[in-house]
Structure formats: C-alpha cells, structure tokens
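One structure below.
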Amino acid sequence: MSRTILYARVSTLDQVIEHQRQQAEAAGFNIDEVVADHGVSGTTTLLSERSEGRRLFDLLRHGDVLVVRWVDRLGRNYDDVTDTIRRFMKRGVVIKTVINKLTFDGATTDPMQQAVRDAMIAFMAATAQAQAEATKEAQRAGIMAARTREPSKYRGRKPSFNRQQLTLMRDMVARGEGMSAIARATGLTRQTVQRLRNDFTAAEALLERWV
C-alpha cells in the first residue's frame with residue numbers, strides 16, 4: 001500500500017518541523033509519516049549525508065508520495081536536488097510540493113512532457129541554490145555594514161595582552177624558558193601564557209583586529 005511521507009528540514013532554532021506538517025495538511029495532504037532533519041544546512045550537507053535523509057532513501061518505495069514544503073527542503077545544492085528527484089522518480093516515487101503545488105512524476109513516457117518536467121526540476125533546483133547564495137551574500141553585506149558601525153562588536157573580546165608582551169613571550173619561548181619565568185617577565189598568568197603558546201597565529205590575528 002502506498003504511503004505519503006513528508007520530509008521536513010530545519011536549519012535554525014527558530015524554525016519548527018511541526019509548522020511544515022501543518023502546512024502540508026492544510027494543503028490537503030494526509031501524511032502517514034514525517035521524516036525530519038534538525039539543524040542541517042541544505043547548502044553544505046547533501047540529502048544522502050543527513051541522518052534522516054539517508055532513512056528517507058530506505059523508506060520510499062514504488063507508489064509512495066514524497067511531500068516537501070518546497071524543493072529547498074530537499075536541499076539548496078543544484079546537483080544534489082536534481083539528482084535526488086531523479087533517483088526517487090526512477091523508483092516510482094511521486095514528489096509533490098506544498099508551495100506552488102508542483103508534481104514530479106517519473107511515470108510519463110511522452111518526450112515533450114518529460115522535457116517540460118525536467119526543465120521545471122532544473123529551474124526549481126537552480127532557484128533554491130540561487131536563493132541560498134543571495135541570502136548568504138545579504139548576510140555578509142549586513143555583517144560588513146555592522147562592523148563599520150560598531151567595529152568593537154565584531155572584533156571579539158579585547159586581548160588581555162599587548163604586542164610587547166607577546167613579542168617578549170615569543171623570544172623567551174624560543175630560548176626555551178619555562179612558563180613560570182615567562183609569566184613573571186610578561187606579567188601574564190600561566191594560563192594565558194599556555195594558551196598563547198599553543199597558537200601564536202591566533203594571538204597575532206587577535207591583536208591585528210584590535211590595532
């Protein structure tokens with residue numbers, strides 16, 4: 001017997017899986033099971049690499065209906081989304097979206113219908129990736145603008161050491177002197193000395209941000 005399975009994905013804490021189910025049911029879908037991935041990026045993590053995404057591949061059988069709010073729930077990577085939909089269609093799975101009420105069905109044998117369907121799949125997948133890239137670019141622009149307005153907010157915690165202390169510490173480490181001697185000479189705590197010794201590059205970068 002065929003089943004209707006909703007695949008839901010949320011990538012941030014303020015998104016809710018249940019909302020996606022409610023949307024699907026309000027659109028007329030009778031959901032038999034919900035498969036959901038929490039806190040997973042659709043841009044960097046392929047569907048087959050997500051824990052519940054892998055289970056989705058095991059669950060779906062010929063005649064089943066896969067419901068997603070929109071194709072971006074499957075992913076925001078063009079190649080991944082198009083490959084995923086084609087794989088499911090080859091199994092005889094029908095993919096339907098809540099938004100725009102799209103249906104992707106592999107049953108058609110008419111070349112023209114296949115061409116239209118494949119073009120629509122490609123367009124939807126490309127749109128999902130483009131939206132993700134546009135969102136990232138907007139976020140980067142917002143961060144850069146905020147950095148200009150409030151530079152101290154984005155420089156991290158102000159370093160507890162200065163350039164002279166770091167330089168002296170480097171020299172003493174190079175001479176093989178111990179942490180206690182370095183702490184006394186620089187006026188830094190042993191914990192700070194140990195932390196800086198472990199990553200001089202990060203210490204230099206922090207000082208650069210606070211120049």
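Here, A, B, ... name the chains of the structure tokens in the order displayed, residue numbers run from 1 inside each chain, and ligands are numbered from 1 in the same displayed order.
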
Distance query range 184-201 of chain A at most 12 Å, only C-alpha atoms, self and fewer than 5 positions along chain excluded, as a ChimeraX atom specification: /A:159-174,176-179,206-208

Test item, strand (DSSP E) assignment across range 9-203 of chain A, answer as a list of chain:residue names: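 Selecting the strand (DSSP E) positions of range 9-203 of chain A gives A:Arg9, A:Val10, A:Glu33, A:Val34, A:Val35, A:Ala36, A:Asp37, A:His38, A:Val65, A:Leu66, A:Val67, A:Val68, A:Val94, A:Ile95, A:Lys96, A:Thr97, A:Thr103, A:Phe104.
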
Top pick for closest residue to Asp79 in chain A, considering A:Trp210, A:Tyr7, A:Phe123, A:Phe29 and counting only C-alpha atoms: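 Checking each of A:Trp210, A:Tyr7, A:Phe123, A:Phe29 against Asp79 in chain A, counting only C-alpha atoms, the winner is A:Phe123.
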
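Here the question is which of A:Ala8, A:Gln23, A:Asp58, A:Glu18 gets nearest to Asp37 in chain A using only C-alpha atoms, and that residue is A:Ala8.
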
12 Å contact set for Gln131 in chain A, only C-alpha atoms, chain neighbours under 4 positions out, as a list in words: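 Everything that qualifies: Gly42, Thr43, Val71, Asp72, Gly75, Arg76, Asn77, Tyr78, Met124, Ala125, Ala126, Thr127, Thr135, Lys136, Glu137 and Ala138 of chain A.
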
Excluding Leu60 in chain A and residues on its chain fewer than 3 positions from it, collect all residues at most 8 Å away from it, counting only C-alpha atoms, and give them as a compact mmCIF listing (two decimals) with C-alpha atoms, in the first residue's frame.
# COMPACT_ATOMS: atom_id res chain seq x y z
CA LEU A 56 14.26 8.58 3.52
CA PHE A 57 16.09 6.69 0.78
CA ASP A 64 4.79 6.31 -2.44
CA LEU A 66 7.07 12.30 -1.04
CA PHE A 88 13.17 8.95 -6.50
CA VAL A 93 8.04 7.76 -6.19

Members of range 13-71 of chain A assigned alpha helix (DSSP H) by DSSP, as a PyMOL selection string: chain A and resi 17-26+51-59

Could the residues in this selection be saved with N, CA and C atoms as an mmCIF file, in the first residue's frame?
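So the final result, stored in result-v3.cif, reads:
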data_model
loop_
_atom_site.group_PDB
_atom_site.id
_atom_site.type_symbol
_atom_site.label_atom_id
_atom_site.label_comp_id
_atom_site.auth_asym_id
_atom_site.auth_seq_id
_atom_site.Cartn_x
_atom_site.Cartn_y
_atom_site.Cartn_z
ATOM 1 N N ILE A 17 9.585 22.098 12.839
ATOM 2 C CA ILE A 17 9.175 20.996 11.977
ATOM 3 C C ILE A 17 7.656 20.908 11.891
ATOM 4 N N GLU A 18 6.994 21.047 13.028
ATOM 5 C CA GLU A 18 5.540 20.875 13.074
ATOM 6 C C GLU A 18 4.823 21.853 12.149
ATOM 7 N N HIS A 19 5.414 23.029 11.972
ATOM 8 C CA HIS A 19 4.800 24.024 11.086
ATOM 9 C C HIS A 19 4.745 23.498 9.657
ATOM 10 N N GLN A 20 5.783 22.773 9.232
ATOM 11 C CA GLN A 20 5.806 22.227 7.884
ATOM 12 C C GLN A 20 4.739 21.146 7.711
ATOM 13 N N ARG A 21 4.510 20.358 8.754
ATOM 14 C CA ARG A 21 3.439 19.357 8.687
ATOM 15 C C ARG A 21 2.070 20.035 8.616
ATOM 16 N N GLN A 22 1.883 21.051 9.425
ATOM 17 C CA GLN A 22 0.601 21.758 9.418
ATOM 18 C C GLN A 22 0.319 22.367 8.049
ATOM 19 N N GLN A 23 1.346 22.926 7.424
ATOM 20 C CA GLN A 23 1.178 23.490 6.087
ATOM 21 C C GLN A 23 0.751 22.418 5.097
ATOM 22 N N ALA A 24 1.404 21.248 5.183
ATOM 23 C CA ALA A 24 1.095 20.155 4.255
ATOM 24 C C ALA A 24 -0.342 19.663 4.453
ATOM 25 N N GLU A 25 -0.752 19.499 5.686
ATOM 26 C CA GLU A 25 -2.109 19.013 5.960
ATOM 27 C C GLU A 25 -3.150 20.054 5.560
ATOM 28 N N ALA A 26 -2.830 21.325 5.749
ATOM 29 C CA ALA A 26 -3.756 22.385 5.337
ATOM 30 C C ALA A 26 -3.912 22.416 3.817
ATOM 31 N N SER A 51 21.252 12.313 8.504
ATOM 32 C CA SER A 51 20.825 11.074 9.159
ATOM 33 C C SER A 51 19.426 10.658 8.723
ATOM 34 N N GLU A 52 18.471 11.591 8.732
ATOM 35 C CA GLU A 52 17.112 11.259 8.331
ATOM 36 C C GLU A 52 16.953 11.250 6.818
ATOM 37 N N GLY A 53 17.809 11.981 6.141
ATOM 38 C CA GLY A 53 17.800 11.920 4.677
ATOM 39 C C GLY A 53 18.159 10.530 4.186
ATOM 40 N N ARG A 54 19.149 9.914 4.828
ATOM 41 C CA ARG A 54 19.518 8.534 4.472
ATOM 42 C C ARG A 54 18.348 7.592 4.723
ATOM 43 N N ARG A 55 17.627 7.800 5.820
ATOM 44 C CA ARG A 55 16.479 6.949 6.128
ATOM 45 C C ARG A 55 15.385 7.118 5.090
ATOM 46 N N LEU A 56 15.269 8.318 4.542
ATOM 47 C CA LEU A 56 14.262 8.576 3.519
ATOM 48 C C LEU A 56 14.503 7.690 2.295
ATOM 49 N N PHE A 57 15.771 7.549 1.923
ATOM 50 C CA PHE A 57 16.094 6.694 0.782
ATOM 51 C C PHE A 57 15.714 5.234 1.058
ATOM 52 N N ASP A 58 15.817 4.815 2.308
ATOM 53 C CA ASP A 58 15.447 3.439 2.669
ATOM 54 C C ASP A 58 13.935 3.246 2.713
ATOM 55 N N LEU A 59 13.199 4.291 3.073
ATOM 56 C CA LEU A 59 11.760 4.180 3.285
ATOM 57 C C LEU A 59 10.945 4.170 1.994
#

Within 12 Å of Ala107 in chain A using only C-alpha atoms, minus same-chain residues under 3 positions, as number ranges by chain: A: 62-63, 86, 88-95, 103-104, 110-111, 113-114, 117

Would you save the residues of that selection, restricted to C-alpha atoms, as a short mmCIF file (atom, residue, chain, number, x, y, z; two decimals), in the first residue's frame?
data_model
loop_
_atom_site.label_atom_id
_atom_site.label_comp_id
_atom_site.auth_asym_id
_atom_site.auth_seq_id
_atom_site.Cartn_x
_atom_site.Cartn_y
_atom_site.Cartn_z
CA HIS A 62 7.25 2.47 -5.73
CA GLY A 63 3.90 4.21 -5.48
CA ARG A 86 15.52 11.81 -10.49
CA PHE A 88 13.17 8.95 -6.50
CA MET A 89 11.28 9.17 -9.78
CA LYS A 90 13.16 6.14 -11.10
CA ARG A 91 11.86 4.22 -8.09
CA GLY A 92 8.31 5.19 -8.97
CA VAL A 93 8.04 7.76 -6.19
CA VAL A 94 5.95 10.87 -6.88
CA ILE A 95 7.35 14.10 -5.42
CA THR A 103 4.26 17.35 -9.02
CA PHE A 104 7.30 15.46 -10.30
CA ASP A 110 5.92 11.32 -23.56
CA PRO A 111 9.17 13.06 -24.59
CA GLN A 113 6.17 16.05 -21.05
CA GLN A 114 9.49 14.66 -19.86
CA ARG A 117 9.16 18.18 -16.25
#
